[in-house]
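These notes are about the structure you will find just below.
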Amino acid sequence: MSTHEDPAPDSPQAEPTQSGITRKTLLRAAVVTGFAVPLLGTGAAMAEERSPRFTTAAGPGGSPLAVTPECHDGDAPTIAEIEGPYFEPGSPQTTVLQGSNSGTHLVLSGVVYGLSCAPIANALLDFWQADSGGNYDNTGYKLRGHQYTDSQGRYTLTTIVPGLYPGRTKHIHVKVQAPNQPILTTQLYFPGVSQNSGDAYYDSRLLVNLSGSNATYDFVLNVQQNPGPPNPPPPPPPGGGGGTWVAGHTYKAGDVVTYNGSTYVCVQGHTSMTGWEPPNVPALWRLQ
Ligand SMILES: [Fe+2]
């Protein structure tokens with residue numbers, strides 16, 4: 001098995017803002033308290049266009065964070081990193097990774113936000129990582145799994161602390177995708193790991209906040225959001241046709257289905273199966 005990961009194509013990454021209370025902070029507070037918040041200004045501050053690049057924000061409970069910045073209005077999205085050689089499509093949908101019973105227990109949780117700091121429901125997160133010995137399961141789905149954020153944009157992953165392998169510090173790979181939006185591919189790192197400083201891909205903006213066996217990390221996706229409701233519901237499924245995607249069904253090219261509030265068109269006939277949900281297999285389903 002190779003342990004090589006290609007050089008990071010990293011690029012411009014905006015610094016976190018140093019401002020205090022912002023629209024995003026208010027929106028976030030509104031999510032917590034359930035209050036509506038009068039919005040300041042327009043969407044101009046979040047209108048900048050970037051490549052599909054995402055970045056970090058963070059932190060449980062709105063408390064100040066030492067390393068990972070809060071989700072502030074105008075923040076750059078969570079930075080992208082290389083995929084590496086070990087991603088496998090078709091991971092099982094689970095919040096408890098297979099193989100997480102062997103190693104140092106870790107629960108990773110957080111929120112997926114858009115550019116307005118409103119949480120994103122039904123965002124896809126697909127995690128993969130090495131086991132405690134630094135090995136990836138390249139024949140099965142041990143320590144691989146995907147899940148969707150809940151109505152408040154939250155995710156929780158039960159796993160283990162990944163091991164080291166030559167040339168890399170401890171890291172967890174993840175792809176994050178809001179419905180109908182580009183995929184962010186990135187990695188998360190752990191504080192206090194001596195190998196961080198020697199890892200060419202390590203970036204402190206991707207550090208989790210670690211407390212015992214609990215780690216938190218909030219993603220900010222490069223997704224423009226209507227600054228109205230703090231938690232916009234997913235679009236309703238279209239009336240009349242196709243129905244909801246199900247596993248074990250034979251689909252033909254041109255079939256239209258809905259999945260997690262999004263509409264997909266089948267581009268290649270196949271029999272569906274768990275793990276091949278439309279967002280995971282662009283070769284089979286195209287977003288409409
Ligand atoms: Fe890796």
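Identifiers for the structure tokens are assigned positionally: chains receive A, B, ... in sequence, residues are indexed from 1 per chain, and ligands are indexed from 1 in the order shown.
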Query raised in the report: Given a cut-off of 9 Å, what residues near ligand 1 show up using only C-alpha atoms and all ligand atoms, put as a ChimeraX atom specification?
Result: /A:3-5,83-87,128-130,134,136,165,168-173,187
Requested in this report: as a VMD selection string, please: all residues of region 106-261 of chain A that backbone DSSP puts in strand (DSSP E or B).
Outcome: chain A and resid 106 to 113 119 124 to 129 144 to 148 154 to 160 165 168 171 to 177 183 to 189 207 209 to 211 214 to 216 218 to 220 244 250 to 251 256 to 259
**Report entry** Residue list (helix (DSSP H, G or I), DSSP) for region 78-273 of chain A, as a ChimeraX atom specification
**Finding:** /A:194-198,204-206
Would you mind exporting C-alpha atoms of the selected residues as a short mmCIF file (atom, residue, chain, number, x, y, z; two decimals), in the first residue's frame?
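To be explicit, this is the file written out as part00.cif:
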data_model
loop_
_atom_site.label_atom_id
_atom_site.label_comp_id
_atom_site.auth_asym_id
_atom_site.auth_seq_id
_atom_site.Cartn_x
_atom_site.Cartn_y
_atom_site.Cartn_z
CA SER A 194 4.32 16.52 17.27
CA GLN A 195 4.19 15.38 13.66
CA ASN A 196 1.93 18.30 12.72
CA SER A 197 4.84 20.63 12.15
CA GLY A 198 6.53 18.24 9.75
CA SER A 204 -3.91 24.91 11.82
CA ARG A 205 -7.21 26.16 10.41
CA LEU A 206 -8.23 22.54 10.13
#
**Report entry** Counting only C-alpha atoms, the residue of A:Val176, A:Leu164, A:Met273, A:Leu287 that sits nearest Val257 (chain A)
**Finding:** A:Leu287
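Contact shell of Thr274 (chain A) at 8 Å (only C-alpha atoms; same-chain neighbours under 3 positions omitted): Pro92, Gln93, Ala247 and Glu277 of chain A.
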Requested in this report: Name all residues at most 6 Å from Leu284 (chain A) (count only C-alpha atoms; drop same-chain ones fewer than 6 positions away) and give them as a PyMOL selection string.
Outcome: chain A and resi 266-268
Lys175 (chain A): which residues within 12 Å, counting only C-alpha atoms, same-chain residues fewer than 2 positions away excluded, as a CSV table (one decimal) with N, CA and C atoms, in the first residue's frame?
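The resulting result_25.csv:
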chain,number,residue,atom,x,y,z
A,52,PRO,N,-14.6,26.1,-5.6
A,52,PRO,CA,-15.3,25.3,-4.6
A,52,PRO,C,-14.3,25.0,-3.5
A,53,ARG,N,-14.2,25.9,-2.6
A,53,ARG,CA,-13.2,25.8,-1.5
A,53,ARG,C,-13.9,26.2,-0.2
A,54,PHE,N,-13.6,25.4,0.8
A,54,PHE,CA,-14.4,25.5,2.0
A,54,PHE,C,-13.4,25.8,3.1
A,55,THR,N,-13.9,26.1,4.2
A,55,THR,CA,-13.0,26.4,5.3
A,55,THR,C,-13.5,26.2,6.6
A,78,THR,N,-14.2,27.0,4.6
A,78,THR,CA,-13.2,26.0,5.1
A,78,THR,C,-12.3,25.6,3.9
A,79,ILE,N,-11.0,25.6,4.1
A,79,ILE,CA,-10.1,25.4,3.1
A,79,ILE,C,-10.1,23.9,2.6
A,80,ALA,N,-9.9,23.8,1.3
A,80,ALA,CA,-9.8,22.4,0.7
A,80,ALA,C,-8.4,21.9,0.9
A,81,GLU,N,-8.3,20.5,0.9
A,81,GLU,CA,-7.0,19.9,0.9
A,81,GLU,C,-7.1,18.7,-0.1
A,82,ILE,N,-6.0,18.1,-0.3
A,82,ILE,CA,-6.0,17.0,-1.2
A,82,ILE,C,-6.8,15.8,-0.7
A,83,GLU,N,-7.3,15.1,-1.7
A,83,GLU,CA,-8.1,13.9,-1.4
A,83,GLU,C,-7.2,12.7,-0.9
A,84,GLY,N,-6.0,12.7,-1.5
A,84,GLY,CA,-5.1,11.5,-1.2
A,84,GLY,C,-5.6,10.3,-1.9
A,87,PHE,N,-9.5,7.4,-0.9
A,87,PHE,CA,-10.9,7.6,-0.9
A,87,PHE,C,-11.6,6.5,-1.7
A,88,GLU,N,-12.7,6.0,-1.2
A,88,GLU,CA,-13.5,4.9,-1.9
A,88,GLU,C,-14.9,5.4,-1.9
A,89,PRO,N,-15.5,5.5,-3.1
A,89,PRO,CA,-16.9,5.8,-3.1
A,89,PRO,C,-17.8,4.7,-2.5
A,91,SER,N,-19.3,4.4,0.5
A,91,SER,CA,-19.2,4.1,1.9
A,91,SER,C,-20.6,3.9,2.5
A,112,VAL,N,-22.4,22.1,10.1
A,112,VAL,CA,-22.0,22.6,8.7
A,112,VAL,C,-22.8,23.9,8.5
A,123,ALA,N,-26.7,18.2,4.7
A,123,ALA,CA,-25.4,18.2,4.1
A,123,ALA,C,-24.7,16.8,4.2
A,124,LEU,N,-24.1,16.4,3.2
A,124,LEU,CA,-23.4,15.1,3.2
A,124,LEU,C,-22.0,15.2,3.7
A,125,LEU,N,-21.6,14.4,4.6
A,125,LEU,CA,-20.3,14.3,5.1
A,125,LEU,C,-19.8,12.9,4.9
A,126,ASP,N,-18.7,12.7,4.2
A,126,ASP,CA,-18.2,11.3,3.9
A,126,ASP,C,-16.8,11.3,4.5
A,127,PHE,N,-16.6,10.5,5.6
A,127,PHE,CA,-15.4,10.4,6.3
A,127,PHE,C,-14.6,9.2,5.9
A,128,TRP,N,-13.3,9.3,5.9
A,128,TRP,CA,-12.4,8.1,5.8
A,128,TRP,C,-11.1,8.4,6.5
A,129,GLN,N,-10.5,7.4,7.1
A,129,GLN,CA,-9.3,7.6,7.9
A,129,GLN,C,-8.6,6.3,8.1
A,144,ARG,N,-14.7,4.0,7.4
A,144,ARG,CA,-15.3,4.8,6.3
A,144,ARG,C,-16.8,4.9,6.5
A,145,GLY,N,-17.4,6.1,6.2
A,145,GLY,CA,-18.8,6.2,6.3
A,145,GLY,C,-19.3,7.6,6.0
A,146,HIS,N,-20.5,7.6,5.5
A,146,HIS,CA,-21.1,8.9,5.3
A,146,HIS,C,-22.4,9.1,6.1
A,147,GLN,N,-22.7,10.4,6.2
A,147,GLN,CA,-23.9,10.7,7.0
A,147,GLN,C,-24.4,12.1,6.5
A,148,TYR,N,-25.6,12.5,7.0
A,148,TYR,CA,-26.2,13.8,6.6
A,148,TYR,C,-26.4,14.6,7.9
A,172,ILE,N,-8.0,13.1,9.6
A,172,ILE,CA,-9.2,12.4,9.1
A,172,ILE,C,-9.6,13.1,7.8
A,173,HIS,N,-9.8,12.3,6.8
A,173,HIS,CA,-10.3,12.9,5.5
A,173,HIS,C,-11.8,13.0,5.6
A,177,GLN,N,-20.6,18.2,1.5
A,177,GLN,CA,-21.4,18.8,0.3
A,177,GLN,C,-22.8,19.2,0.8
A,178,ALA,N,-23.1,20.4,0.6
A,178,ALA,CA,-24.5,20.9,0.8
A,178,ALA,C,-25.3,20.4,-0.4
A,182,PRO,N,-21.2,22.2,-4.8
A,182,PRO,CA,-19.9,21.4,-5.1
A,182,PRO,C,-19.4,20.7,-3.8
A,183,ILE,N,-18.6,19.8,-4.0
A,183,ILE,CA,-18.0,19.0,-2.9
A,183,ILE,C,-16.8,19.7,-2.4
A,184,LEU,N,-16.7,19.8,-1.0
A,184,LEU,CA,-15.4,20.2,-0.4
A,184,LEU,C,-14.7,19.0,0.0
A,185,THR,N,-13.5,18.8,-0.4
A,185,THR,CA,-12.6,17.7,0.1
A,185,THR,C,-11.6,18.4,1.0
A,186,THR,N,-11.4,17.9,2.2
A,186,THR,CA,-10.5,18.4,3.1
A,186,THR,C,-10.0,17.4,4.1
A,187,GLN,N,-9.2,17.8,5.1
A,187,GLN,CA,-8.8,16.9,6.2
A,187,GLN,C,-8.8,17.7,7.5
A,188,LEU,N,-9.0,16.9,8.6
A,188,LEU,CA,-9.0,17.5,9.9
A,188,LEU,C,-7.7,17.0,10.7
A,219,PHE,N,-17.7,23.2,9.9
A,219,PHE,CA,-17.4,23.5,8.5
A,219,PHE,C,-18.2,24.7,8.0
A,221,LEU,N,-19.2,26.1,4.4
A,221,LEU,CA,-19.2,25.8,3.0
A,221,LEU,C,-19.4,27.0,2.1
A,279,PRO,N,-26.5,11.4,-4.4
A,279,PRO,CA,-25.4,12.4,-4.2
A,279,PRO,C,-24.1,11.7,-4.3
A,280,ASN,N,-24.0,10.4,-4.1
A,280,ASN,CA,-22.7,9.8,-4.0
A,280,ASN,C,-22.2,9.3,-5.3
